[in-house]
Structure formats: C-alpha cells, structure tokens
>>> print(open('coords-v5.cif').read())   # mmCIF, N, CA and C atoms
data_work
#
loop_
_atom_site.label_atom_id
_atom_site.label_comp_id
_atom_site.auth_asym_id
_atom_site.auth_seq_id
_atom_site.Cartn_x
_atom_site.Cartn_y
_atom_site.Cartn_z
N MET A 1 0.84 -1.17 0.00
CA MET A 1 0.00 0.00 0.00
C MET A 1 0.90 1.24 0.00
N VAL A 2 0.48 2.22 -0.78
CA VAL A 2 1.23 3.48 -0.89
C VAL A 2 0.32 4.62 -0.45
N TYR A 3 0.82 5.44 0.46
CA TYR A 3 0.10 6.63 0.91
C TYR A 3 0.73 7.86 0.28
N LEU A 4 -0.10 8.66 -0.36
CA LEU A 4 0.36 9.86 -1.05
C LEU A 4 -0.54 11.01 -0.62
N GLU A 5 0.05 12.06 -0.04
CA GLU A 5 -0.75 13.21 0.40
C GLU A 5 -1.22 14.01 -0.81
N GLU A 6 -2.40 14.59 -0.66
CA GLU A 6 -2.98 15.43 -1.72
C GLU A 6 -2.02 16.52 -2.19
N ASN A 7 -1.34 17.17 -1.24
CA ASN A 7 -0.45 18.26 -1.62
C ASN A 7 0.75 17.76 -2.44
N ILE A 8 1.20 16.53 -2.19
CA ILE A 8 2.30 15.97 -2.98
C ILE A 8 1.80 15.62 -4.38
N LEU A 9 0.59 15.09 -4.47
CA LEU A 9 0.00 14.83 -5.79
C LEU A 9 -0.12 16.14 -6.57
N LYS A 10 -0.57 17.19 -5.91
CA LYS A 10 -0.68 18.50 -6.58
C LYS A 10 0.68 18.99 -7.05
N GLU A 11 1.70 18.76 -6.25
CA GLU A 11 3.06 19.15 -6.63
C GLU A 11 3.52 18.39 -7.88
N ILE A 12 3.25 17.09 -7.92
CA ILE A 12 3.59 16.30 -9.11
C ILE A 12 2.85 16.85 -10.33
N LEU A 13 1.55 17.10 -10.17
CA LEU A 13 0.75 17.59 -11.29
C LEU A 13 1.23 18.94 -11.80
N GLN A 14 1.72 19.80 -10.90
CA GLN A 14 2.26 21.09 -11.33
C GLN A 14 3.42 20.91 -12.30
N TYR A 15 4.21 19.87 -12.09
CA TYR A 15 5.33 19.59 -13.00
C TYR A 15 4.84 18.95 -14.30
N ILE A 16 4.08 17.87 -14.17
CA ILE A 16 3.81 17.05 -15.35
C ILE A 16 2.78 17.63 -16.29
N GLU A 17 1.83 18.42 -15.79
CA GLU A 17 0.81 18.98 -16.67
C GLU A 17 1.37 20.08 -17.58
N LYS A 18 2.56 20.56 -17.28
CA LYS A 18 3.16 21.63 -18.10
C LYS A 18 4.08 21.09 -19.19
N ILE A 19 4.39 19.81 -19.13
CA ILE A 19 5.41 19.25 -20.04
C ILE A 19 4.72 18.34 -21.06
N PRO A 20 4.87 18.61 -22.35
CA PRO A 20 4.19 17.82 -23.39
C PRO A 20 4.93 16.53 -23.77
N GLU A 21 5.48 15.86 -22.77
CA GLU A 21 6.15 14.56 -22.96
C GLU A 21 6.01 13.81 -21.65
N GLU A 22 6.36 12.52 -21.65
CA GLU A 22 6.31 11.78 -20.40
C GLU A 22 7.28 12.42 -19.41
N SER A 23 6.79 12.63 -18.22
CA SER A 23 7.59 13.23 -17.14
C SER A 23 7.81 12.17 -16.07
N CYS A 24 8.87 12.35 -15.29
CA CYS A 24 9.19 11.34 -14.30
C CYS A 24 9.89 11.93 -13.09
N GLY A 25 9.97 11.13 -12.04
CA GLY A 25 10.64 11.54 -10.83
C GLY A 25 10.61 10.43 -9.80
N PHE A 26 11.23 10.71 -8.67
CA PHE A 26 11.34 9.71 -7.60
C PHE A 26 10.37 10.01 -6.47
N LEU A 27 10.00 8.94 -5.77
CA LEU A 27 9.16 9.00 -4.59
C LEU A 27 10.04 8.63 -3.39
N LEU A 28 10.20 9.55 -2.46
CA LEU A 28 11.03 9.32 -1.28
C LEU A 28 10.15 9.35 -0.05
N GLY A 29 10.50 8.54 0.96
CA GLY A 29 9.71 8.56 2.18
C GLY A 29 10.01 7.42 3.10
N LYS A 30 9.01 7.02 3.85
CA LYS A 30 9.14 5.97 4.87
C LYS A 30 8.49 4.68 4.38
N ASN A 31 9.17 3.57 4.68
CA ASN A 31 8.71 2.25 4.27
C ASN A 31 8.64 1.37 5.51
N SER A 32 7.42 0.99 5.90
CA SER A 32 7.29 0.14 7.09
C SER A 32 6.06 -0.75 6.99
N ASN A 33 6.20 -1.96 7.49
CA ASN A 33 5.08 -2.91 7.56
C ASN A 33 4.23 -2.94 6.28
N ARG A 34 4.87 -3.11 5.17
CA ARG A 34 4.21 -3.21 3.86
C ARG A 34 3.50 -1.95 3.42
N ALA A 35 3.69 -0.85 4.11
CA ALA A 35 3.08 0.42 3.73
C ALA A 35 4.18 1.43 3.44
N LYS A 36 4.00 2.17 2.37
CA LYS A 36 4.95 3.21 1.99
C LYS A 36 4.24 4.56 2.12
N ARG A 37 4.93 5.51 2.75
CA ARG A 37 4.38 6.86 2.89
C ARG A 37 5.31 7.83 2.19
N VAL A 38 4.81 8.43 1.10
CA VAL A 38 5.61 9.37 0.32
C VAL A 38 5.70 10.68 1.10
N ILE A 39 6.94 11.14 1.31
CA ILE A 39 7.19 12.39 2.03
C ILE A 39 7.67 13.48 1.08
N LYS A 40 8.39 13.07 0.06
CA LYS A 40 9.04 14.04 -0.84
C LYS A 40 9.10 13.45 -2.25
N ILE A 41 8.97 14.31 -3.24
CA ILE A 41 9.21 13.88 -4.62
C ILE A 41 10.48 14.56 -5.12
N LEU A 42 11.10 13.94 -6.07
CA LEU A 42 12.28 14.50 -6.70
C LEU A 42 12.09 14.40 -8.21
N PRO A 43 11.55 15.45 -8.84
CA PRO A 43 11.38 15.41 -10.30
C PRO A 43 12.74 15.33 -10.99
N VAL A 44 12.82 14.57 -12.07
CA VAL A 44 14.05 14.49 -12.86
C VAL A 44 13.71 14.61 -14.33
N LYS A 45 14.73 14.90 -15.11
CA LYS A 45 14.57 15.06 -16.56
C LYS A 45 14.34 13.69 -17.22
N ASN A 46 13.42 13.68 -18.16
CA ASN A 46 13.22 12.50 -18.99
C ASN A 46 14.45 12.39 -19.89
N ASP A 47 15.23 11.33 -19.70
CA ASP A 47 16.49 11.15 -20.40
C ASP A 47 16.36 10.22 -21.61
N SER A 48 15.13 9.93 -22.02
CA SER A 48 14.92 9.01 -23.13
C SER A 48 15.47 9.58 -24.43
N LYS A 49 16.09 8.71 -25.20
CA LYS A 49 16.60 9.10 -26.53
C LYS A 49 15.55 8.79 -27.60
N GLU A 50 14.47 8.12 -27.20
CA GLU A 50 13.39 7.76 -28.13
C GLU A 50 12.29 8.82 -28.05
N ASN A 51 11.13 8.48 -28.56
CA ASN A 51 9.96 9.36 -28.56
C ASN A 51 9.53 9.65 -27.12
N ARG A 52 9.85 10.83 -26.61
CA ARG A 52 9.58 11.17 -25.21
C ARG A 52 8.09 11.36 -24.92
N LYS A 53 7.27 11.42 -25.95
CA LYS A 53 5.82 11.49 -25.72
C LYS A 53 5.28 10.13 -25.31
N LYS A 54 6.06 9.06 -25.58
CA LYS A 54 5.62 7.71 -25.26
C LYS A 54 6.61 6.93 -24.41
N ARG A 55 7.75 7.51 -24.11
CA ARG A 55 8.79 6.80 -23.36
C ARG A 55 9.45 7.75 -22.36
N TYR A 56 9.88 7.17 -21.26
CA TYR A 56 10.72 7.93 -20.33
C TYR A 56 11.89 7.05 -19.93
N SER A 57 12.95 7.70 -19.54
CA SER A 57 14.13 7.01 -19.05
C SER A 57 14.75 7.91 -17.98
N ILE A 58 15.30 7.29 -16.96
CA ILE A 58 15.95 8.06 -15.89
C ILE A 58 17.45 7.77 -15.94
N ASN A 59 18.23 8.81 -15.95
CA ASN A 59 19.68 8.70 -15.96
C ASN A 59 20.14 8.02 -14.67
N PRO A 60 21.06 7.06 -14.75
CA PRO A 60 21.57 6.40 -13.54
C PRO A 60 22.12 7.38 -12.50
N LYS A 61 22.68 8.50 -12.95
CA LYS A 61 23.18 9.50 -11.99
C LYS A 61 22.04 10.06 -11.14
N ASP A 62 20.84 10.16 -11.73
CA ASP A 62 19.69 10.65 -10.97
C ASP A 62 19.27 9.64 -9.90
N PHE A 63 19.39 8.33 -10.21
CA PHE A 63 19.12 7.30 -9.21
C PHE A 63 20.08 7.44 -8.03
N ILE A 64 21.35 7.66 -8.33
CA ILE A 64 22.36 7.81 -7.27
C ILE A 64 22.05 9.03 -6.42
N GLU A 65 21.69 10.13 -7.05
CA GLU A 65 21.35 11.35 -6.32
C GLU A 65 20.12 11.14 -5.44
N ALA A 66 19.11 10.44 -5.95
CA ALA A 66 17.90 10.17 -5.16
C ALA A 66 18.23 9.31 -3.94
N GLU A 67 19.06 8.30 -4.13
CA GLU A 67 19.48 7.45 -3.01
C GLU A 67 20.23 8.27 -1.97
N LYS A 68 21.09 9.17 -2.43
CA LYS A 68 21.87 10.03 -1.53
C LYS A 68 20.93 10.90 -0.68
N ILE A 69 19.95 11.53 -1.32
CA ILE A 69 19.00 12.38 -0.61
C ILE A 69 18.19 11.55 0.39
N ALA A 70 17.78 10.37 -0.01
CA ALA A 70 17.02 9.49 0.89
C ALA A 70 17.85 9.14 2.12
N ILE A 71 19.10 8.75 1.93
CA ILE A 71 19.96 8.38 3.05
C ILE A 71 20.19 9.56 3.98
N GLU A 72 20.47 10.73 3.39
CA GLU A 72 20.72 11.93 4.20
C GLU A 72 19.53 12.29 5.09
N ASN A 73 18.33 11.97 4.65
CA ASN A 73 17.11 12.31 5.39
C ASN A 73 16.51 11.13 6.16
N GLU A 74 17.23 10.01 6.16
CA GLU A 74 16.76 8.77 6.80
C GLU A 74 15.42 8.31 6.22
N TRP A 75 15.31 8.44 4.91
CA TRP A 75 14.16 7.97 4.16
C TRP A 75 14.58 6.77 3.33
N SER A 76 13.65 6.29 2.53
CA SER A 76 13.91 5.24 1.55
C SER A 76 13.51 5.75 0.16
N LEU A 77 14.15 5.20 -0.85
CA LEU A 77 13.70 5.42 -2.22
C LEU A 77 12.55 4.45 -2.43
N LEU A 78 11.33 4.97 -2.43
CA LEU A 78 10.13 4.14 -2.48
C LEU A 78 9.76 3.72 -3.89
N GLY A 79 10.07 4.58 -4.85
CA GLY A 79 9.66 4.26 -6.21
C GLY A 79 9.83 5.42 -7.16
N VAL A 80 9.11 5.29 -8.26
CA VAL A 80 9.20 6.24 -9.37
C VAL A 80 7.78 6.59 -9.79
N TYR A 81 7.59 7.85 -10.16
CA TYR A 81 6.33 8.22 -10.79
C TYR A 81 6.63 8.64 -12.22
N HIS A 82 5.67 8.43 -13.10
CA HIS A 82 5.79 8.98 -14.45
C HIS A 82 4.40 9.14 -15.04
N SER A 83 4.35 9.97 -16.08
CA SER A 83 3.07 10.26 -16.72
C SER A 83 2.91 9.46 -18.01
N HIS A 84 1.67 9.23 -18.36
CA HIS A 84 1.28 8.69 -19.66
C HIS A 84 0.42 9.75 -20.32
N LEU A 85 0.77 10.12 -21.53
CA LEU A 85 0.00 11.13 -22.25
C LEU A 85 -1.08 10.46 -23.09
N ASN A 86 -2.33 10.83 -22.83
CA ASN A 86 -3.47 10.29 -23.58
C ASN A 86 -3.45 8.77 -23.63
N TRP A 87 -3.13 8.18 -22.49
CA TRP A 87 -3.04 6.73 -22.36
C TRP A 87 -3.40 6.38 -20.93
N PRO A 88 -3.96 5.20 -20.68
CA PRO A 88 -4.35 4.84 -19.30
C PRO A 88 -3.14 4.78 -18.35
N ALA A 89 -3.44 4.78 -17.06
CA ALA A 89 -2.41 4.71 -16.02
C ALA A 89 -2.03 3.26 -15.73
N SER A 90 -1.82 2.51 -16.79
CA SER A 90 -1.40 1.11 -16.71
C SER A 90 -0.02 0.97 -17.33
N PRO A 91 0.82 0.09 -16.77
CA PRO A 91 2.19 -0.03 -17.29
C PRO A 91 2.24 -0.63 -18.69
N SER A 92 3.15 -0.09 -19.47
CA SER A 92 3.41 -0.63 -20.81
C SER A 92 4.45 -1.74 -20.71
N GLU A 93 4.67 -2.42 -21.78
CA GLU A 93 5.71 -3.45 -21.82
C GLU A 93 7.08 -2.82 -21.56
N THR A 94 7.32 -1.63 -22.09
CA THR A 94 8.58 -0.93 -21.83
C THR A 94 8.70 -0.61 -20.35
N ASP A 95 7.62 -0.18 -19.71
CA ASP A 95 7.64 0.07 -18.27
C ASP A 95 8.05 -1.19 -17.52
N ARG A 96 7.50 -2.33 -17.92
CA ARG A 96 7.80 -3.59 -17.25
C ARG A 96 9.27 -3.97 -17.41
N ILE A 97 9.78 -3.84 -18.61
CA ILE A 97 11.17 -4.21 -18.88
C ILE A 97 12.14 -3.34 -18.07
N MET A 98 11.81 -2.07 -17.90
CA MET A 98 12.70 -1.13 -17.22
C MET A 98 12.54 -1.12 -15.69
N ALA A 99 11.54 -1.81 -15.17
CA ALA A 99 11.22 -1.74 -13.73
C ALA A 99 12.19 -2.54 -12.88
N PHE A 100 12.33 -2.08 -11.64
CA PHE A 100 13.13 -2.76 -10.63
C PHE A 100 12.18 -3.36 -9.59
N PRO A 101 12.54 -4.51 -9.04
CA PRO A 101 11.70 -5.09 -7.98
C PRO A 101 11.75 -4.21 -6.73
N ASN A 102 10.74 -4.33 -5.90
CA ASN A 102 10.62 -3.64 -4.61
C ASN A 102 10.31 -2.16 -4.72
N LEU A 103 10.28 -1.59 -5.90
CA LEU A 103 9.91 -0.19 -6.05
C LEU A 103 8.45 -0.09 -6.46
N SER A 104 7.81 0.98 -6.04
CA SER A 104 6.45 1.27 -6.49
C SER A 104 6.53 2.17 -7.72
N TYR A 105 5.66 1.93 -8.66
CA TYR A 105 5.61 2.72 -9.90
C TYR A 105 4.24 3.37 -9.99
N ILE A 106 4.20 4.66 -9.67
CA ILE A 106 2.96 5.41 -9.78
C ILE A 106 2.88 5.98 -11.19
N ILE A 107 1.80 5.64 -11.87
CA ILE A 107 1.59 6.13 -13.24
C ILE A 107 0.39 7.08 -13.21
N ILE A 108 0.60 8.24 -13.80
CA ILE A 108 -0.43 9.27 -13.84
C ILE A 108 -0.82 9.50 -15.29
N SER A 109 -2.08 9.26 -15.60
CA SER A 109 -2.58 9.48 -16.94
C SER A 109 -3.02 10.93 -17.10
N LEU A 110 -2.56 11.54 -18.17
CA LEU A 110 -2.99 12.88 -18.54
C LEU A 110 -3.75 12.79 -19.86
N GLN A 111 -4.92 13.37 -19.91
CA GLN A 111 -5.68 13.46 -21.15
C GLN A 111 -5.64 14.92 -21.58
N GLU A 112 -5.01 15.18 -22.72
CA GLU A 112 -4.84 16.54 -23.21
C GLU A 112 -4.17 17.43 -22.16
N GLN A 113 -3.12 16.87 -21.51
CA GLN A 113 -2.30 17.56 -20.51
C GLN A 113 -3.02 17.84 -19.20
N VAL A 114 -4.16 17.19 -18.95
CA VAL A 114 -4.91 17.38 -17.72
C VAL A 114 -5.04 16.04 -17.00
N PHE A 115 -4.84 16.07 -15.68
CA PHE A 115 -4.91 14.86 -14.85
C PHE A 115 -6.20 14.11 -15.09
N SER A 116 -6.06 12.79 -15.28
CA SER A 116 -7.21 11.94 -15.52
C SER A 116 -7.30 10.78 -14.53
N GLU A 117 -6.16 10.11 -14.28
CA GLU A 117 -6.18 8.89 -13.48
C GLU A 117 -4.80 8.68 -12.86
N ILE A 118 -4.77 8.03 -11.70
CA ILE A 118 -3.52 7.68 -11.03
C ILE A 118 -3.64 6.27 -10.46
N ARG A 119 -2.59 5.46 -10.67
CA ARG A 119 -2.56 4.09 -10.14
C ARG A 119 -1.11 3.75 -9.78
N SER A 120 -0.96 2.80 -8.87
CA SER A 120 0.37 2.37 -8.46
C SER A 120 0.56 0.88 -8.75
N TRP A 121 1.78 0.54 -9.15
CA TRP A 121 2.11 -0.82 -9.57
C TRP A 121 3.42 -1.27 -8.94
N LYS A 122 3.56 -2.58 -8.79
CA LYS A 122 4.80 -3.16 -8.26
C LYS A 122 5.13 -4.40 -9.08
N LEU A 123 6.42 -4.56 -9.39
CA LEU A 123 6.88 -5.71 -10.16
C LEU A 123 6.92 -6.95 -9.27
N THR A 124 6.34 -8.03 -9.74
CA THR A 124 6.32 -9.28 -8.98
C THR A 124 7.57 -10.10 -9.28
N GLN A 125 7.74 -11.19 -8.53
CA GLN A 125 8.86 -12.11 -8.77
C GLN A 125 8.78 -12.71 -10.17
N ALA A 126 7.56 -12.84 -10.69
CA ALA A 126 7.35 -13.40 -12.03
C ALA A 126 7.57 -12.35 -13.12
N LYS A 127 8.04 -11.16 -12.73
CA LYS A 127 8.34 -10.06 -13.67
C LYS A 127 7.10 -9.53 -14.38
N THR A 128 5.99 -9.55 -13.65
CA THR A 128 4.76 -8.93 -14.14
C THR A 128 4.38 -7.84 -13.14
N PHE A 129 3.56 -6.90 -13.57
CA PHE A 129 3.12 -5.86 -12.66
C PHE A 129 1.84 -6.29 -11.94
N LYS A 130 1.79 -5.96 -10.66
CA LYS A 130 0.58 -6.16 -9.86
C LYS A 130 0.21 -4.79 -9.31
N GLU A 131 -1.07 -4.46 -9.38
CA GLU A 131 -1.50 -3.16 -8.87
C GLU A 131 -1.42 -3.13 -7.35
N GLU A 132 -0.92 -2.01 -6.83
CA GLU A 132 -0.86 -1.77 -5.40
C GLU A 132 -1.99 -0.81 -5.04
N LYS A 133 -2.45 -0.94 -3.82
CA LYS A 133 -3.47 0.02 -3.34
C LYS A 133 -2.76 1.36 -3.14
N LEU A 134 -3.34 2.39 -3.69
CA LEU A 134 -2.84 3.76 -3.56
C LEU A 134 -3.88 4.59 -2.82
N VAL A 135 -3.47 5.16 -1.70
CA VAL A 135 -4.38 5.94 -0.87
C VAL A 135 -3.93 7.39 -0.92
N ILE A 136 -4.82 8.25 -1.40
CA ILE A 136 -4.55 9.70 -1.42
C ILE A 136 -5.11 10.24 -0.10
N THR A 137 -4.22 10.83 0.70
CA THR A 137 -4.61 11.32 2.02
C THR A 137 -4.72 12.85 2.02
N LYS A 138 -5.48 13.36 2.96
CA LYS A 138 -5.60 14.82 3.13
C LYS A 138 -4.26 15.36 3.63
N SER A 139 -3.92 16.54 3.19
CA SER A 139 -2.65 17.16 3.58
C SER A 139 -2.73 17.72 4.98
#
>>> encode(input="coords-v5.cif", output="structure tokens")
Amino acid sequence: MVYLEENILKEILQYIEKIPEESCGFLLGKNSNRAKRVIKILPVKNDSKENRKKRYSINPKDFIEAEKIAIENEWSLLGVYHSHLNWPASPSETDRIMAFPNLSYIIISLQEQVFSEIRSWKLTQAKTFKEEKLVITKS
C-alpha cells in the first residue's frame, strides 16, 4: 500500500501537466510494515533518446542522487512516478522491462495535458506488474 498526500500529488501535477512529454521523478519517504508513505518527490529530466511522448528514461546519476537524498534524510527510495499522455495509467511493456523489484511505480494518466487517473504498480517475482493500493490522504 502506498500513501500519497494530496499536496504531494498537486506538486507532481504542477510539474507534469506543463510538459508535453512523459515526465518522471522519484518518490522518497518511509517504508514500514508493507506500507509506503511518500514524504518528498524529486522530479528528474526524462532522459529518453526515443519518442519522449511515449517513453521515459531516468539517468543512472539521478538514481544515485535520489538514493543520496534518501539516506541523508533517513528515508527510503520508495519508487518512481511517471506520466502517460493520452493513455491509461497502466504499465506498458517498456515500463515492465525497465522496472526494478521492490519499487512502487505510480503512473499518472494525462488526457490533453490534464490529470485523468492515477494508479500504483509493483513488479512481482514473475516479472509482471501487480497493482498496489494507492491511498490519497488529506494534507
């Protein structure tokens, strides 16, 4: 289960609704008893060399920086968020191939650059995605 405060969702939307390509970033926070609580987001540049309207990629240096920030604050790197433009908030095959186990993948669907849907996913041992419960909490 992933807990995401309304104000953090609004912060993500402020970034992604302005960018006409898939946007991405990290989810940092506390991880305990099968529940993840997002405390901070870290937006990063889409580093994809392909069609950025349909693909995103995160530079390995950004992963290192996110881990560093998490350690400095006694948090965990909980996962990654990214947007889908005019597409459902379900993982693509490319999303599955690029995913790491134990991380949550929050996908936010934008229809014509406006928030439409949000869902969270986790990679299973069988290398398939399973939906996680995502709870949007009051700020």
>>> closest_residue(input="coords-v5.cif", among="A:Ala66, A:Ile97, A:Val114, A:Met1", to="Glu131 of chain A", atoms="only C-alpha atoms")
A:Met1
>>> resolve_selection(input="coords-v5.cif", expression="the PyMOL selection byres ((chain A and resi 88) around 7)", output="PDB file with N, CA and C atoms, in the frame of the given file")
ATOM      1  N   HIS A  84       1.670   9.230 -18.360  1.00  0.00           N
ATOM      2  CA  HIS A  84       1.280   8.690 -19.660  1.00  0.00           C
ATOM      3  C   HIS A  84       0.420   9.750 -20.320  1.00  0.00           C
ATOM      4  N   LEU A  85       0.770  10.120 -21.530  1.00  0.00           N
ATOM      5  CA  LEU A  85       0.000  11.130 -22.250  1.00  0.00           C
ATOM      6  C   LEU A  85      -1.080  10.460 -23.090  1.00  0.00           C
ATOM      7  N   ASN A  86      -2.330  10.830 -22.830  1.00  0.00           N
ATOM      8  CA  ASN A  86      -3.470  10.290 -23.580  1.00  0.00           C
ATOM      9  C   ASN A  86      -3.450   8.770 -23.630  1.00  0.00           C
ATOM     10  N   TRP A  87      -3.130   8.180 -22.490  1.00  0.00           N
ATOM     11  CA  TRP A  87      -3.040   6.730 -22.360  1.00  0.00           C
ATOM     12  C   TRP A  87      -3.400   6.380 -20.930  1.00  0.00           C
ATOM     13  N   ALA A  89      -3.440   4.780 -17.060  1.00  0.00           N
ATOM     14  CA  ALA A  89      -2.410   4.710 -16.020  1.00  0.00           C
ATOM     15  C   ALA A  89      -2.030   3.260 -15.730  1.00  0.00           C
ATOM     16  N   SER A  90      -1.820   2.510 -16.790  1.00  0.00           N
ATOM     17  CA  SER A  90      -1.400   1.110 -16.710  1.00  0.00           C
ATOM     18  C   SER A  90      -0.020   0.970 -17.330  1.00  0.00           C
ATOM     19  N   PRO A  91       0.820   0.090 -16.770  1.00  0.00           N
ATOM     20  CA  PRO A  91       2.190  -0.030 -17.290  1.00  0.00           C
ATOM     21  C   PRO A  91       2.240  -0.630 -18.690  1.00  0.00           C
ATOM     22  N   ILE A 107       1.800   5.640 -11.870  1.00  0.00           N
ATOM     23  CA  ILE A 107       1.590   6.130 -13.240  1.00  0.00           C
ATOM     24  C   ILE A 107       0.390   7.080 -13.210  1.00  0.00           C
ATOM     25  N   ILE A 108       0.600   8.240 -13.800  1.00  0.00           N
ATOM     26  CA  ILE A 108      -0.430   9.270 -13.840  1.00  0.00           C
ATOM     27  C   ILE A 108      -0.820   9.500 -15.290  1.00  0.00           C
ATOM     28  N   SER A 109      -2.080   9.260 -15.600  1.00  0.00           N
ATOM     29  CA  SER A 109      -2.580   9.480 -16.940  1.00  0.00           C
ATOM     30  C   SER A 109      -3.020  10.930 -17.100  1.00  0.00           C
ATOM     31  N   LEU A 110      -2.560  11.540 -18.170  1.00  0.00           N
ATOM     32  CA  LEU A 110      -2.990  12.880 -18.540  1.00  0.00           C
ATOM     33  C   LEU A 110      -3.750  12.790 -19.860  1.00  0.00           C
ATOM     34  N   GLU A 117      -6.160  10.110 -14.280  1.00  0.00           N
ATOM     35  CA  GLU A 117      -6.180   8.890 -13.480  1.00  0.00           C
ATOM     36  C   GLU A 117      -4.800   8.680 -12.860  1.00  0.00           C
TER      37      GLU A 117
END
>>> closest_residue(input="coords-v5.cif", among="A:Ser23, A:Gln125, A:Ser104, A:Asn73", to="Ser57 of chain A", atoms="only N, CA and C atoms")
A:Ser23
>>> closest_residue(input="coords-v5.cif", among="A:Ser92, A:Ser139, A:Asn59, A:Gln113", to="Lys45 of chain A", atoms="all atoms listed in the file")
A:Asn59
>>> atom_distance(input="coords-v5.cif", atom1="atom CA of Lys10 of chain A", atom2="atom CA of Val80 of chain A")
16.0 Å
>>> atom_distance(input="coords-v5.cif", atom1="atom C of Ile106 of chain A", atom2="atom N of Arg119 of chain A")
5.5 Å
>>> resolve_selection(input="coords-v5.cif", expression="the PyMOL selection byres ((chain A and resi 21) around 5)", output="MDAnalysis selection string")
chainID A and resid 19:20 22:23 52:53
>>> atom_distance(input="coords-v5.cif", atom1="atom CA of Lys30 of chain A", atom2="atom N of Ser76 of chain A")
5.1 Å
>>> residues_around(input="coords-v5.cif", residues="segment 36-43 of chain A", least_positions_apart="3", cutoff="8 Å", atoms="only C-alpha atoms", output="list in words")
Met1, Val2, Tyr3, Leu4, Glu5, Ile8, Ile12, Tyr15, Cys24, Gly25, Phe26, Leu27, Leu28, Gly29, Lys30, Asn31, Ser32, Ala66 and Leu78 of chain A
>>> write_last_selection(input="coords-v5.cif", atoms="N, CA and C atoms", output="short mmCIF file (atom, residue, chain, number, x, y, z; two decimals), in the coordinates of the input")
data_model
loop_
_atom_site.label_atom_id
_atom_site.label_comp_id
_atom_site.auth_asym_id
_atom_site.auth_seq_id
_atom_site.Cartn_x
_atom_site.Cartn_y
_atom_site.Cartn_z
N MET A 1 0.84 -1.17 0.00
CA MET A 1 0.00 0.00 0.00
C MET A 1 0.90 1.24 0.00
N VAL A 2 0.48 2.22 -0.78
CA VAL A 2 1.23 3.48 -0.89
C VAL A 2 0.32 4.62 -0.45
N TYR A 3 0.82 5.44 0.46
CA TYR A 3 0.10 6.63 0.91
C TYR A 3 0.73 7.86 0.28
N LEU A 4 -0.10 8.66 -0.36
CA LEU A 4 0.36 9.86 -1.05
C LEU A 4 -0.54 11.01 -0.62
N GLU A 5 0.05 12.06 -0.04
CA GLU A 5 -0.75 13.21 0.40
C GLU A 5 -1.22 14.01 -0.81
N ILE A 8 1.20 16.53 -2.19
CA ILE A 8 2.30 15.97 -2.98
C ILE A 8 1.80 15.62 -4.38
N ILE A 12 3.25 17.09 -7.92
CA ILE A 12 3.59 16.30 -9.11
C ILE A 12 2.85 16.85 -10.33
N TYR A 15 4.21 19.87 -12.09
CA TYR A 15 5.33 19.59 -13.00
C TYR A 15 4.84 18.95 -14.30
N CYS A 24 8.87 12.35 -15.29
CA CYS A 24 9.19 11.34 -14.30
C CYS A 24 9.89 11.93 -13.09
N GLY A 25 9.97 11.13 -12.04
CA GLY A 25 10.64 11.54 -10.83
C GLY A 25 10.61 10.43 -9.80
N PHE A 26 11.23 10.71 -8.67
CA PHE A 26 11.34 9.71 -7.60
C PHE A 26 10.37 10.01 -6.47
N LEU A 27 10.00 8.94 -5.77
CA LEU A 27 9.16 9.00 -4.59
C LEU A 27 10.04 8.63 -3.39
N LEU A 28 10.20 9.55 -2.46
CA LEU A 28 11.03 9.32 -1.28
C LEU A 28 10.15 9.35 -0.05
N GLY A 29 10.50 8.54 0.96
CA GLY A 29 9.71 8.56 2.18
C GLY A 29 10.01 7.42 3.10
N LYS A 30 9.01 7.02 3.85
CA LYS A 30 9.14 5.97 4.87
C LYS A 30 8.49 4.68 4.38
N ASN A 31 9.17 3.57 4.68
CA ASN A 31 8.71 2.25 4.27
C ASN A 31 8.64 1.37 5.51
N SER A 32 7.42 0.99 5.90
CA SER A 32 7.29 0.14 7.09
C SER A 32 6.06 -0.75 6.99
N ALA A 66 19.11 10.44 -5.95
CA ALA A 66 17.90 10.17 -5.16
C ALA A 66 18.23 9.31 -3.94
N LEU A 78 11.33 4.97 -2.43
CA LEU A 78 10.13 4.14 -2.48
C LEU A 78 9.76 3.72 -3.89
#
>>> closest_residue(input="coords-v5.cif", among="A:Asn33, A:Ser83, A:Asn102, A:Asn7", to="Lys54 of chain A", atoms="all atoms listed in the file")
A:Ser83
>>> select_by_dssp(input="coords-v5.cif", residues="segment 83-138 of chain A", states="strand (DSSP E)", output="NGL selection string")
:A and (83-85 or 104-111 or 114-123 or 129-132 or 134-137)
>>> select_by_dssp(input="coords-v5.cif", residues="chain A", states="alpha helix (DSSP H)", output="ChimeraX atom specification")
/A:6-16,60-72,93-98
>>> residues_around(input="coords-v5.cif", residues="Phe100 of chain A", least_positions_apart="3", cutoff="8 Å", atoms="all atoms listed in the file", output="ChimeraX atom specification")
/A:95-97,103-104,122-124
>>> write_last_selection(input="coords-v5.cif", atoms="N, CA and C atoms", output="short mmCIF file (atom, residue, chain, number, x, y, z; two decimals), in the coordinates of the input")
data_model
loop_
_atom_site.label_atom_id
_atom_site.label_comp_id
_atom_site.auth_asym_id
_atom_site.auth_seq_id
_atom_site.Cartn_x
_atom_site.Cartn_y
_atom_site.Cartn_z
N ASP A 95 7.62 -0.18 -19.71
CA ASP A 95 7.64 0.07 -18.27
C ASP A 95 8.05 -1.19 -17.52
N ARG A 96 7.50 -2.33 -17.92
CA ARG A 96 7.80 -3.59 -17.25
C ARG A 96 9.27 -3.97 -17.41
N ILE A 97 9.78 -3.84 -18.61
CA ILE A 97 11.17 -4.21 -18.88
C ILE A 97 12.14 -3.34 -18.07
N LEU A 103 10.28 -1.59 -5.90
CA LEU A 103 9.91 -0.19 -6.05
C LEU A 103 8.45 -0.09 -6.46
N SER A 104 7.81 0.98 -6.04
CA SER A 104 6.45 1.27 -6.49
C SER A 104 6.53 2.17 -7.72
N LYS A 122 3.56 -2.58 -8.79
CA LYS A 122 4.80 -3.16 -8.26
C LYS A 122 5.13 -4.40 -9.08
N LEU A 123 6.42 -4.56 -9.39
CA LEU A 123 6.88 -5.71 -10.16
C LEU A 123 6.92 -6.95 -9.27
N THR A 124 6.34 -8.03 -9.74
CA THR A 124 6.32 -9.28 -8.98
C THR A 124 7.57 -10.10 -9.28
#
>>> closest_residue(input="coords-v5.cif", among="A:His82, A:Arg55, A:Lys61, A:Lys49", to="Leu9 of chain A", atoms="only C-alpha atoms")
A:His82
>>> axis_aligned_box(input="coords-v5.cif", around="segment 4-11 of chain A", padding_each_side="5 Å", output="AutoDock Vina command-line options")
--center_x 0.3 --center_y 13.9 --center_z -3.7 --size_x 16.5 --size_y 20.5 --size_z 18.3
>>> closest_residue(input="coords-v5.cif", among="A:Asp62, A:Glu72, A:Glu17, A:Glu132", to="Glu112 of chain A", atoms="only C-alpha atoms")
A:Glu17
>>> decode(input="coords-v5.cif", residues="segment 109-114 of chain A", atoms="C-alpha atoms", output="short mmCIF file (atom, residue, chain, number, x, y, z; two decimals), in the first residue's frame")
data_model
loop_
_atom_site.label_atom_id
_atom_site.label_comp_id
_atom_site.auth_asym_id
_atom_site.auth_seq_id
_atom_site.Cartn_x
_atom_site.Cartn_y
_atom_site.Cartn_z
CA SER A 109 -2.58 9.48 -16.94
CA LEU A 110 -2.99 12.88 -18.54
CA GLN A 111 -5.68 13.46 -21.15
CA GLU A 112 -4.84 16.54 -23.21
CA GLN A 113 -2.30 17.56 -20.51
CA VAL A 114 -4.91 17.38 -17.72
#
